[in-house]
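Scroll down for the structure; my scribbles are underneath it.
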There are 2 protein chains.
Amino acid sequence: MTANVALPPATPVAEIPALASAARNTVSEHQRHPTFSPSALLRAVATQLEGARANLVAAAQQETSLPEARLQGELTRTTRQLVAFAQLAESGLESDAIIDLADPAAEPPRPDQRRLAVPIGPVAVFAASNFPFAFSVAGGDTAAAWAAGCPVLLKAHAAHTRTSVLTATAVAQGLADAGAPKAWFTMVYGASPEVGQALVNADSVEAVAFTGSFGAGTAIARAAAARPRPIPAFCEMGSTNPVVITPASAQNNGKAIAAGLATSITGSVGQLCTKPGLILLVDDEAGRQLVAELSGRIAENAPATMLYRDIRDRFVSAVIEAADDPRVDALVAHPSASASGQASAALLATATKELAPGDVLLEEIFGPASLVIWAEDESDLVHSVEKLPGTLTATLHASPADPLAGPLLHALSARAGRIVYNGYPTGVTVGHATVHGGPFPATTAAAHTSVGMTAIRRFQRPLGYQDVPDELLPPALRDANPLGLQRRVDGAITAASVTRVR
Amino acid sequence: MTANVALPPATPVAEIPALASAARNTVSEHQRHPTFSPSALLRAVATQLEGARANLVAAAQQETSLPEARLQGELTRTTRQLVAFAQLAESGLESDAIIDLADPAAEPPRPDQRRLAVPIGPVAVFAASNFPFAFSVAGGDTAAAWAAGCPVLLKAHAAHTRTSVLTATAVAQGLADAGAPKAWFTMVYGASPEVGQALVNADSVEAVAFTGSFGAGTAIARAAAARPRPIPAFCEMGSTNPVVITPASAQNNGKAIAAGLATSITGSVGQLCTKPGLILLVDDEAGRQLVAELSGRIAENAPATMLYRDIRDRFVSAVIEAADDPRVDALVAHPSASASGQASAALLATATKELAPGDVLLEEIFGPASLVIWAEDESDLVHSVEKLPGTLTATLHASPADPLAGPLLHALSARAGRIVYNGYPTGVTVGHATVHGGPFPATTAAAHTSVGMTAIRRFQRPLGYQDVPDELLPPALRDANPLGLQRRVDGAITAASVTRVR
């Protein structure tokens with residue numbers, strides 16, 4: 001049924017600055033004369049996506065080879081995320097309203113100072129290949145930008161253009177339902193790098209959000225910094241997601257950990273940015289049993305179709321290259337045994353003493369593969385963590401009483417955005433406390449998350465008001481606190497009104 | 001008495017990576033086995049600076065030509081700022097503690113997720129020329145980095161090396177008093193750009209804070225983004241600080257506004273990043289009277305010595321160049337009439353119709369000069385604001401009942417970090433609500449402030465914990481809330497303890 005969707009031509013590069021400029025004019029108009037609320041827009045789009053669910057999932061299934069259950073779940077996550085951001089916008093929880101009342105008796109006298117998070121302006125979002133809903137057209141970046149009060153220019157991913165077009169149609173209907181101007185969301189197309197470059201370089205764009213490969217992400221971040229007027233680039237570039245298992249945990253819980261790891265490595269054909277790519281444990285009897293169990297499960301895993309042919313080919317090459325490394329023991333590696341377009345899961349192994357910081361073996365292999373790293377003993381296990389690059393997640397299998405738990409948690413904390421304890425890193429829960437970010441090379445902006453409610457902060461800036469009279473202030477900062485916000489007043493959190501000091 | 005301070009040689013560029021690496025090792029050590037508290041360090045340094053006050057002020061007076069009263073006040077601001085950051089660190093107000101309790105019944109089940117702001121690591125700070133205390137060795141950037149739990153590598157400004165050495169001596173004593181390791185603060189010297197470049201490029205440095213010129217700031221930001229491992233650069237680069245006066249305000253309050261502007265333009269010999277550099281008003285009778293009054297006051301202002309000869313020479317050249325522009329009317333300009341090393345205040349004028357966005361006349365002249373921009377009428381006044389570049393502050397003189405107040409406030413808000421109402425932009429109050437930042441070219445990071453309590457956020461990143469047991473969590477995130485923090489729990493602010501869901 002989706003074959004009827006007409007595929008759009010690539011957006012002419014020369015038109016992109018004008019599209020961005022139209023988005024900027026819309027912000028300016030909206031701030032002067034608001035015609036819609038961000039939360040109404042978010043809810044309207046969620047409703048439209050639910051209405052189009054059958055068509056959307058069918059199109060995505062055809063384009064991505066991801067199973068229906070996964071796509072149904074992903075679309076649910078996407079609409080819930082839109083609603084969660086609508087609630088966030090309504091709550092004012094991220095309005096960062098701060099008031100310092102005047103103190104005319106101070107030396108020098110202190111004025112009345114207030115500040116509020118305001119929208120940064122038009123945001124360019126690059127859709128990811130591996131989440132046709134949750135990190136695509138109406139995904140987390142778009143939702144966060146809208147919640148902040150910013151319009152979005154979205155670069156569709158060429159791997160699921162039909163799904164993108166269908167989603168954009170639902171978005172356009174949602175915009176109309178909410179009374180938002182059309183330019184609040186603009187989709188651009190094109191497989192050539194020039195389209196993305198034109199978006200990053202468009203003068204009216206104020207920030208970039210990207211999820212994808214290290215190469216593309218770093219190129220975008222450098223381009224954003226090199227503009228005549230530099231802008232921030234929030235690029236989430238995947239990760240190795242180390243899993244560290246203490247000898248005691250391998251001993252007490254090895255079989256269950258092996259089963260959990262196998263599922264986490266092979267789920268979604270390994271095409272998740274939180275797939276566990278490195279497994280660190282001590283080369284002892286329990287460790288070897290755990291890895292034998294894991295090898296068996298990886299070997300049994302049926303070959304599966306990856307998102308698109310290029311990704312599969314890059315995965316196969318990466319596995320062959322790593323397996324050929326003289327330092328690597330290929331525990332399970334049949335990269336060429338699977339049918340065309342499919343990939344077989346792989347498990348490789350090496351020893352910590354073989355690895356240097358920045359080692360090529362410590363780079364992500366995107367797909368169902370993981371590298372076991374054998375430590376000689378407990379001390380070597382702790383030290384080996386210090387060689388690891390920045391990562392979105394780091395997982396620790398230990399008991400709190402384990403004397404290794406503290407040192408390992410400490411060492412992992414210095415490198416990761418999220419610590420997972422006795423669990424598995426895949427599966428990102430969208431909440432207030434979510435951190436889906438981490439030190440470079442996991443992202444280009446470790447101070448931010450690209451998933452969860454605080455992802456809105458990427459698209460806000462503070463605006464200060466000094467001695468501005470109540471009637472000229474935005475409602476969030478007025479004396480009476482008409483929005484009922486929790487505000488920071490003279491350094492204390494309160495929802496009370498304030499009495500202006502004159 | 002300060003002539004005895006031995007001037008240090010330039011720090012060898014080759015040694016800088018090792019200095020940064022030592023700072024990083026100190027962070028790692030401190031996180032494992034804390035030996036001091038950031039707030040104790042901040043208070044100890046404040047105490048040491050107060051003890052050294054006489055020597056510090058004498059040295060700064062000799063090196064900067066700034067008057068003693070100003071330097072006494074600046075040192076007071078500096079020590080108060082250190083204490084304010086100590087209080088902030090103690091309060092946990094910027095710990096950004098967020099907890100989402102588990103929901104095992106959800107589909108899929110939601111884990112226990114918590115997050116906390118953690119220190120980013122070693123921070124490189126570039127001291128400014130124009131504030132030998134408040135934006136120098138133990139100034140706001142250093143205080144904010146320490147409060148965040150980060151060590152500092154400080155590039156001393158060559159214009160006040162003796163003052164820097166004396167301050168660093170007090171800092172070293174403060175570190176010792178608080179039990180902090182020496183590597184928590186390292187000062188590097190050198191007038192050549194290579195010293196600063198080496199600091200920005202040192203692998204162990206995690207962020208850069210800079211206050212100074214547009215040229216140096218943008219060079220630093222581009223270098224930070226071009227590193228193999230890019231880091232954020234928070235550069236505050238000065239600003240034009242437009243002041244917009246409505247016809248009604250010029251009519252009702254012209255004389256007082258002229259007096260206030262004259263003081264704000266000439267204070268500290270115009271060497272403030274918030275000096276009003278552009279004055280926009282309608283070319284009517286009241287406007288002309290206001291400017292005549294202002295011209296008289298500027299002309300009467302006595303020539304004064306600038307921070308150093310280079311700054312004075314650049315100021316004189318910039319005034320001559322602007323006054324020679326055929327579009328400019330030199331109302332007061334005697335750049336060469338003053339004694340060597342001194343500068344005479346200047347007032348220039350042009351018309352809005354002469355200006356294009358990005359016009360050279362809209363660039364900052366650092367020193368006691370300002371440009372009057374005549375608008376034809378009220379509508380032209382509003383539109384002229386849209387040509388202005390990003391700025392730290394924007395000032396509006398109006399009454400709330402003035403129909404121009406809303407549109408002007410709106411137009412200024414899109415360009416400024418701080419709106420000042422019926423006041424003057426010079427004088428930055430250090431508080432929770434302070435915004436000393438703004439859109440490029442005012443800064444390279446409009447989402448942040450370089451002054452005030454939230455300046456700490458530049459040096460923090462979020463770290464997430466998923467299902468981590470209480471005993472392995474940092475105290476700020478433990479169930480019992482032992483630090484008594486205001487935390488965001490399931491989306492609501494509360495200081496209550498939490499009950500973990502299993």
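Chain lettering (A, B, ...) mirrors the order of the structure tokens, residue numbering begins at 1 for each chain separately, and ligand numbering begins at 1 in order of display.
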Exercise. Quick one: residues within 7 Å of Gly238 (chain A), only C-alpha atoms counted, chain neighbours fewer than 4 positions away excluded, as a list in words?
Worked result: Gly212, Ser213, Cys273 and Ala442 of chain A
I need the chosen residues saved as a compact mmCIF listing (two decimals), in the first residue's frame, with N, CA, C and O atoms.
```
# COMPACT_ATOMS: atom_id res chain seq x y z
N GLY A 212 23.96 9.57 14.18
CA GLY A 212 24.48 8.78 13.08
C GLY A 212 25.92 8.41 13.30
O GLY A 212 26.36 8.21 14.44
N SER A 213 26.68 8.39 12.20
CA SER A 213 28.04 7.86 12.27
C SER A 213 29.02 8.89 12.81
O SER A 213 28.78 10.10 12.77
N CYS A 273 22.64 2.27 18.96
CA CYS A 273 23.83 3.01 19.39
C CYS A 273 24.27 2.58 20.79
O CYS A 273 25.36 2.92 21.22
N ALA A 442 31.61 9.67 21.73
CA ALA A 442 30.20 9.26 21.74
C ALA A 442 29.32 10.40 21.21
O ALA A 442 28.36 10.17 20.48
```
Could you give me, as a Markdown table, a per-residue list for chain A showing, wherever an atom lies at most 6 Å from an atom of chain B, the closest pair of atoms and their distance in Å to one decimal, using only C-alpha atoms and sorting by chain then residue number from low to high?
```
| residue | atom | partner | partner_atom | distance |
| --- | --- | --- | --- | --- |
| A:Ile98 | CA | B:Ala433 | CA | 5.2 |
| A:Ile99 | CA | B:Ala433 | CA | 5.7 |
| A:Asp100 | CA | B:Ala433 | CA | 5.8 |
| A:Gln113 | CA | B:Ala433 | CA | 5.7 |
| A:Arg114 | CA | B:Ala433 | CA | 5.2 |
| A:Arg115 | CA | B:Ala433 | CA | 5.4 |
| A:Gly417 | CA | B:Leu463 | CA | 5.1 |
| A:Arg418 | CA | B:Gly464 | CA | 4.2 |
| A:Ile419 | CA | B:Tyr465 | CA | 4.8 |
| A:Val420 | CA | B:Gln466 | CA | 4.7 |
| A:Tyr421 | CA | B:Val468 | CA | 5.2 |
| A:Ala433 | CA | B:Arg114 | CA | 5.2 |
| A:Val435 | CA | B:Gly464 | CA | 5.4 |
| A:Ala447 | CA | B:Arg461 | CA | 4.1 |
| A:Arg461 | CA | B:Ala447 | CA | 4.2 |
| A:Leu463 | CA | B:Gly417 | CA | 5.1 |
| A:Gly464 | CA | B:Arg418 | CA | 4.2 |
| A:Tyr465 | CA | B:Ile419 | CA | 4.8 |
| A:Gln466 | CA | B:Val420 | CA | 4.7 |
| A:Asp467 | CA | B:Tyr421 | CA | 5.6 |
| A:Val468 | CA | B:Tyr421 | CA | 5.2 |
```
How would the residues just picked look written out with N, CA, C and O atoms as a PDB file, in the first residue's frame?
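File produced: result_17.pdb:
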```pdb
ATOM      1  N   ILE A  98      14.384  32.218  37.035  1.00  0.00           N
ATOM      2  CA  ILE A  98      15.199  32.598  38.186  1.00  0.00           C
ATOM      3  C   ILE A  98      14.986  34.086  38.450  1.00  0.00           C
ATOM      4  O   ILE A  98      15.009  34.896  37.526  1.00  0.00           O
ATOM      5  N   ILE A  99      14.757  34.424  39.703  1.00  0.00           N
ATOM      6  CA  ILE A  99      14.504  35.821  40.088  1.00  0.00           C
ATOM      7  C   ILE A  99      15.412  36.198  41.253  1.00  0.00           C
ATOM      8  O   ILE A  99      15.460  35.499  42.256  1.00  0.00           O
ATOM      9  N   ASP A 100      16.151  37.284  41.094  1.00  0.00           N
ATOM     10  CA  ASP A 100      16.881  37.894  42.208  1.00  0.00           C
ATOM     11  C   ASP A 100      16.227  39.245  42.454  1.00  0.00           C
ATOM     12  O   ASP A 100      16.315  40.144  41.605  1.00  0.00           O
ATOM     13  N   GLN A 113      16.791  41.381  38.994  1.00  0.00           N
ATOM     14  CA  GLN A 113      17.263  40.600  37.852  1.00  0.00           C
ATOM     15  C   GLN A 113      16.433  39.324  37.731  1.00  0.00           C
ATOM     16  O   GLN A 113      16.230  38.620  38.727  1.00  0.00           O
ATOM     17  N   ARG A 114      15.980  39.034  36.533  1.00  0.00           N
ATOM     18  CA  ARG A 114      15.207  37.814  36.302  1.00  0.00           C
ATOM     19  C   ARG A 114      15.725  37.163  35.025  1.00  0.00           C
ATOM     20  O   ARG A 114      16.251  37.846  34.149  1.00  0.00           O
ATOM     21  N   ARG A 115      15.564  35.881  34.922  1.00  0.00           N
ATOM     22  CA  ARG A 115      15.958  35.227  33.669  1.00  0.00           C
ATOM     23  C   ARG A 115      15.089  34.022  33.368  1.00  0.00           C
ATOM     24  O   ARG A 115      14.483  33.439  34.266  1.00  0.00           O
ATOM     25  N   GLY A 417      28.210   8.403  29.657  1.00  0.00           N
ATOM     26  CA  GLY A 417      27.054   9.246  29.938  1.00  0.00           C
ATOM     27  C   GLY A 417      26.080   8.575  30.894  1.00  0.00           C
ATOM     28  O   GLY A 417      25.416   9.241  31.682  1.00  0.00           O
ATOM     29  N   ARG A 418      25.984   7.251  30.816  1.00  0.00           N
ATOM     30  CA  ARG A 418      25.021   6.512  31.654  1.00  0.00           C
ATOM     31  C   ARG A 418      25.674   5.233  32.153  1.00  0.00           C
ATOM     32  O   ARG A 418      26.249   4.493  31.364  1.00  0.00           O
ATOM     33  N   ILE A 419      25.589   5.016  33.456  1.00  0.00           N
ATOM     34  CA  ILE A 419      26.078   3.780  34.076  1.00  0.00           C
ATOM     35  C   ILE A 419      24.888   2.830  34.226  1.00  0.00           C
ATOM     36  O   ILE A 419      23.862   3.202  34.807  1.00  0.00           O
ATOM     37  N   VAL A 420      25.018   1.621  33.696  1.00  0.00           N
ATOM     38  CA  VAL A 420      23.972   0.603  33.847  1.00  0.00           C
ATOM     39  C   VAL A 420      24.506  -0.450  34.813  1.00  0.00           C
ATOM     40  O   VAL A 420      25.623  -0.936  34.630  1.00  0.00           O
ATOM     41  N   TYR A 421      23.704  -0.763  35.819  1.00  0.00           N
ATOM     42  CA  TYR A 421      24.171  -1.705  36.840  1.00  0.00           C
ATOM     43  C   TYR A 421      23.412  -3.022  36.720  1.00  0.00           C
ATOM     44  O   TYR A 421      22.186  -3.055  36.740  1.00  0.00           O
ATOM     45  N   ALA A 433      15.214  11.786  33.931  1.00  0.00           N
ATOM     46  CA  ALA A 433      16.585  11.491  34.350  1.00  0.00           C
ATOM     47  C   ALA A 433      17.422  10.854  33.244  1.00  0.00           C
ATOM     48  O   ALA A 433      18.588  10.523  33.474  1.00  0.00           O
ATOM     49  N   VAL A 435      19.937  10.102  30.456  1.00  0.00           N
ATOM     50  CA  VAL A 435      21.145  10.673  29.853  1.00  0.00           C
ATOM     51  C   VAL A 435      21.508   9.794  28.670  1.00  0.00           C
ATOM     52  O   VAL A 435      21.916   8.648  28.836  1.00  0.00           O
ATOM     53  N   ALA A 447      27.801  17.725  27.502  1.00  0.00           N
ATOM     54  CA  ALA A 447      26.979  18.392  28.511  1.00  0.00           C
ATOM     55  C   ALA A 447      25.490  18.191  28.253  1.00  0.00           C
ATOM     56  O   ALA A 447      24.665  18.685  29.016  1.00  0.00           O
ATOM     57  N   ARG A 461      18.223  29.165  25.309  1.00  0.00           N
ATOM     58  CA  ARG A 461      19.288  30.015  25.847  1.00  0.00           C
ATOM     59  C   ARG A 461      18.669  30.896  26.918  1.00  0.00           C
ATOM     60  O   ARG A 461      17.454  31.140  26.898  1.00  0.00           O
ATOM     61  N   LEU A 463      17.684  34.311  28.791  1.00  0.00           N
ATOM     62  CA  LEU A 463      17.530  35.738  28.513  1.00  0.00           C
ATOM     63  C   LEU A 463      17.275  36.434  29.851  1.00  0.00           C
ATOM     64  O   LEU A 463      16.396  36.023  30.608  1.00  0.00           O
ATOM     65  N   GLY A 464      18.069  37.458  30.131  1.00  0.00           N
ATOM     66  CA  GLY A 464      17.966  38.167  31.403  1.00  0.00           C
ATOM     67  C   GLY A 464      17.189  39.469  31.264  1.00  0.00           C
ATOM     68  O   GLY A 464      17.204  40.096  30.202  1.00  0.00           O
ATOM     69  N   TYR A 465      16.515  39.834  32.337  1.00  0.00           N
ATOM     70  CA  TYR A 465      15.731  41.068  32.376  1.00  0.00           C
ATOM     71  C   TYR A 465      16.140  41.842  33.622  1.00  0.00           C
ATOM     72  O   TYR A 465      16.034  41.317  34.726  1.00  0.00           O
ATOM     73  N   GLN A 466      16.589  43.063  33.449  1.00  0.00           N
ATOM     74  CA  GLN A 466      17.009  43.876  34.589  1.00  0.00           C
ATOM     75  C   GLN A 466      16.062  45.051  34.772  1.00  0.00           C
ATOM     76  O   GLN A 466      15.935  45.895  33.882  1.00  0.00           O
ATOM     77  N   ASP A 467      15.374  45.050  35.918  1.00  0.00           N
ATOM     78  CA  ASP A 467      14.454  46.144  36.264  1.00  0.00           C
ATOM     79  C   ASP A 467      13.320  46.318  35.251  1.00  0.00           C
ATOM     80  O   ASP A 467      12.766  47.423  35.109  1.00  0.00           O
ATOM     81  N   VAL A 468      12.981  45.260  34.556  1.00  0.00           N
ATOM     82  CA  VAL A 468      11.889  45.349  33.581  1.00  0.00           C
ATOM     83  C   VAL A 468      10.556  45.281  34.331  1.00  0.00           C
ATOM     84  O   VAL A 468      10.357  44.411  35.174  1.00  0.00           O
TER      85      VAL A 468
END
```
Exercise. Running DSSP on the backbone, which parts of region 365-477 of chain B land in alpha helix (DSSP H), as number ranges by chain?
Worked result: B: 378-385, 405-413
Seminar exercise, completed: Across A:Glu29, A:Asp324, A:Asp359, A:Glu50, the smallest distance to Ala170 (chain A), with only C-alpha atoms counted, is shown by A:Glu50
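The nearest approach to Trp184 (chain B) among the residues B:Gly270, B:Gly260, B:Gly367, B:Pro38, with only C-alpha atoms taken into account, belongs to B:Pro38.
The smallest atom-to-atom distance between Ala202 (chain B) and any of B:Gln62, B:Ser384, B:Ser21, B:Thr76, using only C-alpha atoms, is found for B:Ser21.
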Problem set entry | Non-local contacts of Leu41 (chain A) (7 Å; only C-alpha atoms; under 4 positions in same chain excluded) as a ChimeraX atom specification | /A:37,45,174-175,178
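Residues with any atom within 8 Å of Val208 (chain A), counting only C-alpha atoms and excluding same-chain neighbours fewer than 4 positions away, are Val123, Ala124, Val125, Phe126, Val200, Ala224, Ile231, Pro232, Ala233, Phe234 and Cys235 of chain A.
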Problem set entry | Closest of B:Ala138, B:Ile16, B:Ala128, B:Ala10 to Leu42 (chain B) - atom-to-atom distances counting only C-alpha atoms | B:Ala138
For this session: Give me the residues within 7 Å of Pro276 (chain A) as a VMD selection string, counting only C-alpha atoms and dropping any in the same chain fewer than 4 places off.
Result: chain A and resid 240 to 243 264 to 265 370 425
Surrounding residues of Ala40 (chain A) excluding itself and chain neighbours under 3 positions, 10 Å, only C-alpha atoms, as a PDB file with N, CA, C and O atoms, in the first residue's frame:
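Wrote it out as selection05.pdb, contents follow:
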```
ATOM      1  N   PHE A  36      -0.343  29.588  18.394  1.00  0.00           N
ATOM      2  CA  PHE A  36      -0.512  28.191  18.813  1.00  0.00           C
ATOM      3  C   PHE A  36       0.390  27.935  19.998  1.00  0.00           C
ATOM      4  O   PHE A  36       1.294  28.721  20.283  1.00  0.00           O
ATOM      5  N   SER A  37       0.136  26.829  20.702  1.00  0.00           N
ATOM      6  CA  SER A  37       1.027  26.486  21.807  1.00  0.00           C
ATOM      7  C   SER A  37       1.860  25.277  21.405  1.00  0.00           C
ATOM      8  O   SER A  37       1.370  24.377  20.719  1.00  0.00           O
ATOM      9  N   ARG A  43       0.894  17.425  20.780  1.00  0.00           N
ATOM     10  CA  ARG A  43      -0.226  16.480  20.942  1.00  0.00           C
ATOM     11  C   ARG A  43      -0.920  16.214  19.600  1.00  0.00           C
ATOM     12  O   ARG A  43      -1.313  15.083  19.307  1.00  0.00           O
ATOM     13  N   ALA A  44      -1.079  17.256  18.795  1.00  0.00           N
ATOM     14  CA  ALA A  44      -1.758  17.080  17.505  1.00  0.00           C
ATOM     15  C   ALA A  44      -0.961  16.158  16.596  1.00  0.00           C
ATOM     16  O   ALA A  44      -1.521  15.299  15.903  1.00  0.00           O
ATOM     17  N   VAL A  45       0.353  16.298  16.616  1.00  0.00           N
ATOM     18  CA  VAL A  45       1.174  15.427  15.766  1.00  0.00           C
ATOM     19  C   VAL A  45       1.118  13.988  16.286  1.00  0.00           C
ATOM     20  O   VAL A  45       1.022  13.036  15.496  1.00  0.00           O
ATOM     21  N   ALA A  46       1.145  13.821  17.606  1.00  0.00           N
ATOM     22  CA  ALA A  46       1.042  12.463  18.162  1.00  0.00           C
ATOM     23  C   ALA A  46      -0.265  11.810  17.713  1.00  0.00           C
ATOM     24  O   ALA A  46      -0.291  10.634  17.311  1.00  0.00           O
ATOM     25  N   VAL A  83       3.996  13.330  23.437  1.00  0.00           N
ATOM     26  CA  VAL A  83       3.087  13.708  24.526  1.00  0.00           C
ATOM     27  C   VAL A  83       3.886  14.107  25.776  1.00  0.00           C
ATOM     28  O   VAL A  83       3.543  15.071  26.464  1.00  0.00           O
ATOM     29  N   ALA A  86       5.030  17.467  25.317  1.00  0.00           N
ATOM     30  CA  ALA A  86       3.892  18.389  25.478  1.00  0.00           C
ATOM     31  C   ALA A  86       3.671  18.657  26.970  1.00  0.00           C
ATOM     32  O   ALA A  86       3.491  19.810  27.388  1.00  0.00           O
ATOM     33  N   GLN A  87       3.697  17.600  27.767  1.00  0.00           N
ATOM     34  CA  GLN A  87       3.523  17.766  29.219  1.00  0.00           C
ATOM     35  C   GLN A  87       4.649  18.618  29.797  1.00  0.00           C
ATOM     36  O   GLN A  87       4.432  19.462  30.670  1.00  0.00           O
ATOM     37  N   ALA A  89       6.362  20.946  28.259  1.00  0.00           N
ATOM     38  CA  ALA A  89       6.129  22.343  27.879  1.00  0.00           C
ATOM     39  C   ALA A  89       5.043  22.954  28.761  1.00  0.00           C
ATOM     40  O   ALA A  89       5.156  24.103  29.198  1.00  0.00           O
ATOM     41  N   GLU A  90       4.006  22.174  29.052  1.00  0.00           N
ATOM     42  CA  GLU A  90       2.916  22.680  29.897  1.00  0.00           C
ATOM     43  C   GLU A  90       3.379  22.900  31.338  1.00  0.00           C
ATOM     44  O   GLU A  90       2.935  23.821  32.016  1.00  0.00           O
ATOM     45  N   ALA A 147       9.172  21.576  21.683  1.00  0.00           N
ATOM     46  CA  ALA A 147       8.846  21.872  23.086  1.00  0.00           C
ATOM     47  C   ALA A 147       9.562  23.137  23.551  1.00  0.00           C
ATOM     48  O   ALA A 147       9.045  23.891  24.372  1.00  0.00           O
ATOM     49  N   GLY A 174      -0.879  17.730  11.633  1.00  0.00           N
ATOM     50  CA  GLY A 174      -0.808  18.125  13.046  1.00  0.00           C
ATOM     51  C   GLY A 174      -0.568  19.622  13.197  1.00  0.00           C
ATOM     52  O   GLY A 174      -1.177  20.286  14.044  1.00  0.00           O
ATOM     53  N   LEU A 175       0.306  20.155  12.370  1.00  0.00           N
ATOM     54  CA  LEU A 175       0.558  21.606  12.389  1.00  0.00           C
ATOM     55  C   LEU A 175      -0.743  22.354  12.118  1.00  0.00           C
ATOM     56  O   LEU A 175      -1.084  23.318  12.819  1.00  0.00           O
ATOM     57  N   ASP A 177      -3.835  21.252  12.471  1.00  0.00           N
ATOM     58  CA  ASP A 177      -4.770  21.047  13.590  1.00  0.00           C
ATOM     59  C   ASP A 177      -4.458  21.992  14.755  1.00  0.00           C
ATOM     60  O   ASP A 177      -5.361  22.473  15.437  1.00  0.00           O
ATOM     61  N   ALA A 178      -3.173  22.208  14.987  1.00  0.00           N
ATOM     62  CA  ALA A 178      -2.770  23.029  16.145  1.00  0.00           C
ATOM     63  C   ALA A 178      -2.757  24.517  15.812  1.00  0.00           C
ATOM     64  O   ALA A 178      -2.525  25.343  16.691  1.00  0.00           O
ATOM     65  N   GLY A 179      -2.965  24.851  14.538  1.00  0.00           N
ATOM     66  CA  GLY A 179      -2.922  26.259  14.147  1.00  0.00           C
ATOM     67  C   GLY A 179      -1.513  26.797  13.998  1.00  0.00           C
ATOM     68  O   GLY A 179      -1.281  28.006  14.038  1.00  0.00           O
ATOM     69  N   ALA A 180      -0.539  25.902  13.816  1.00  0.00           N
ATOM     70  CA  ALA A 180       0.849  26.343  13.653  1.00  0.00           C
ATOM     71  C   ALA A 180       1.139  26.620  12.186  1.00  0.00           C
ATOM     72  O   ALA A 180       0.565  25.984  11.303  1.00  0.00           O
TER      73      ALA A 180
END
```
For this session: Using only C-alpha atoms, determine which residues lie at most 10 Å from region 249-259 of chain A, disregarding the query and same-chain residues fewer than 4 positions distant; provide the list as a ChimeraX atom specification.
Result: /A:244-245,263-264,281-282,284-298,396-399,402,422-424
Exercise. Can you list, as a ChimeraX atom specification, every residue of region 82-283 of chain B that DSSP puts in strand (DSSP E or B)?
Worked result: /B:98-100,103,110,113-119,123-126,152-155,185-188,207-211,233-236,242-245,278-282
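In terms of minimum interatomic distance to Thr169 (chain B), B:Gly51 ranks closest within B:Pro326, B:Pro9, B:Pro303, B:Gly51, counting only C-alpha atoms.
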Exercise. Which residue gives the smallest distance to Ala345 (chain B) among B:Cys150, B:Val5, B:Leu404, B:Ala299, with only C-alpha atoms counted?
Worked result: B:Ala299
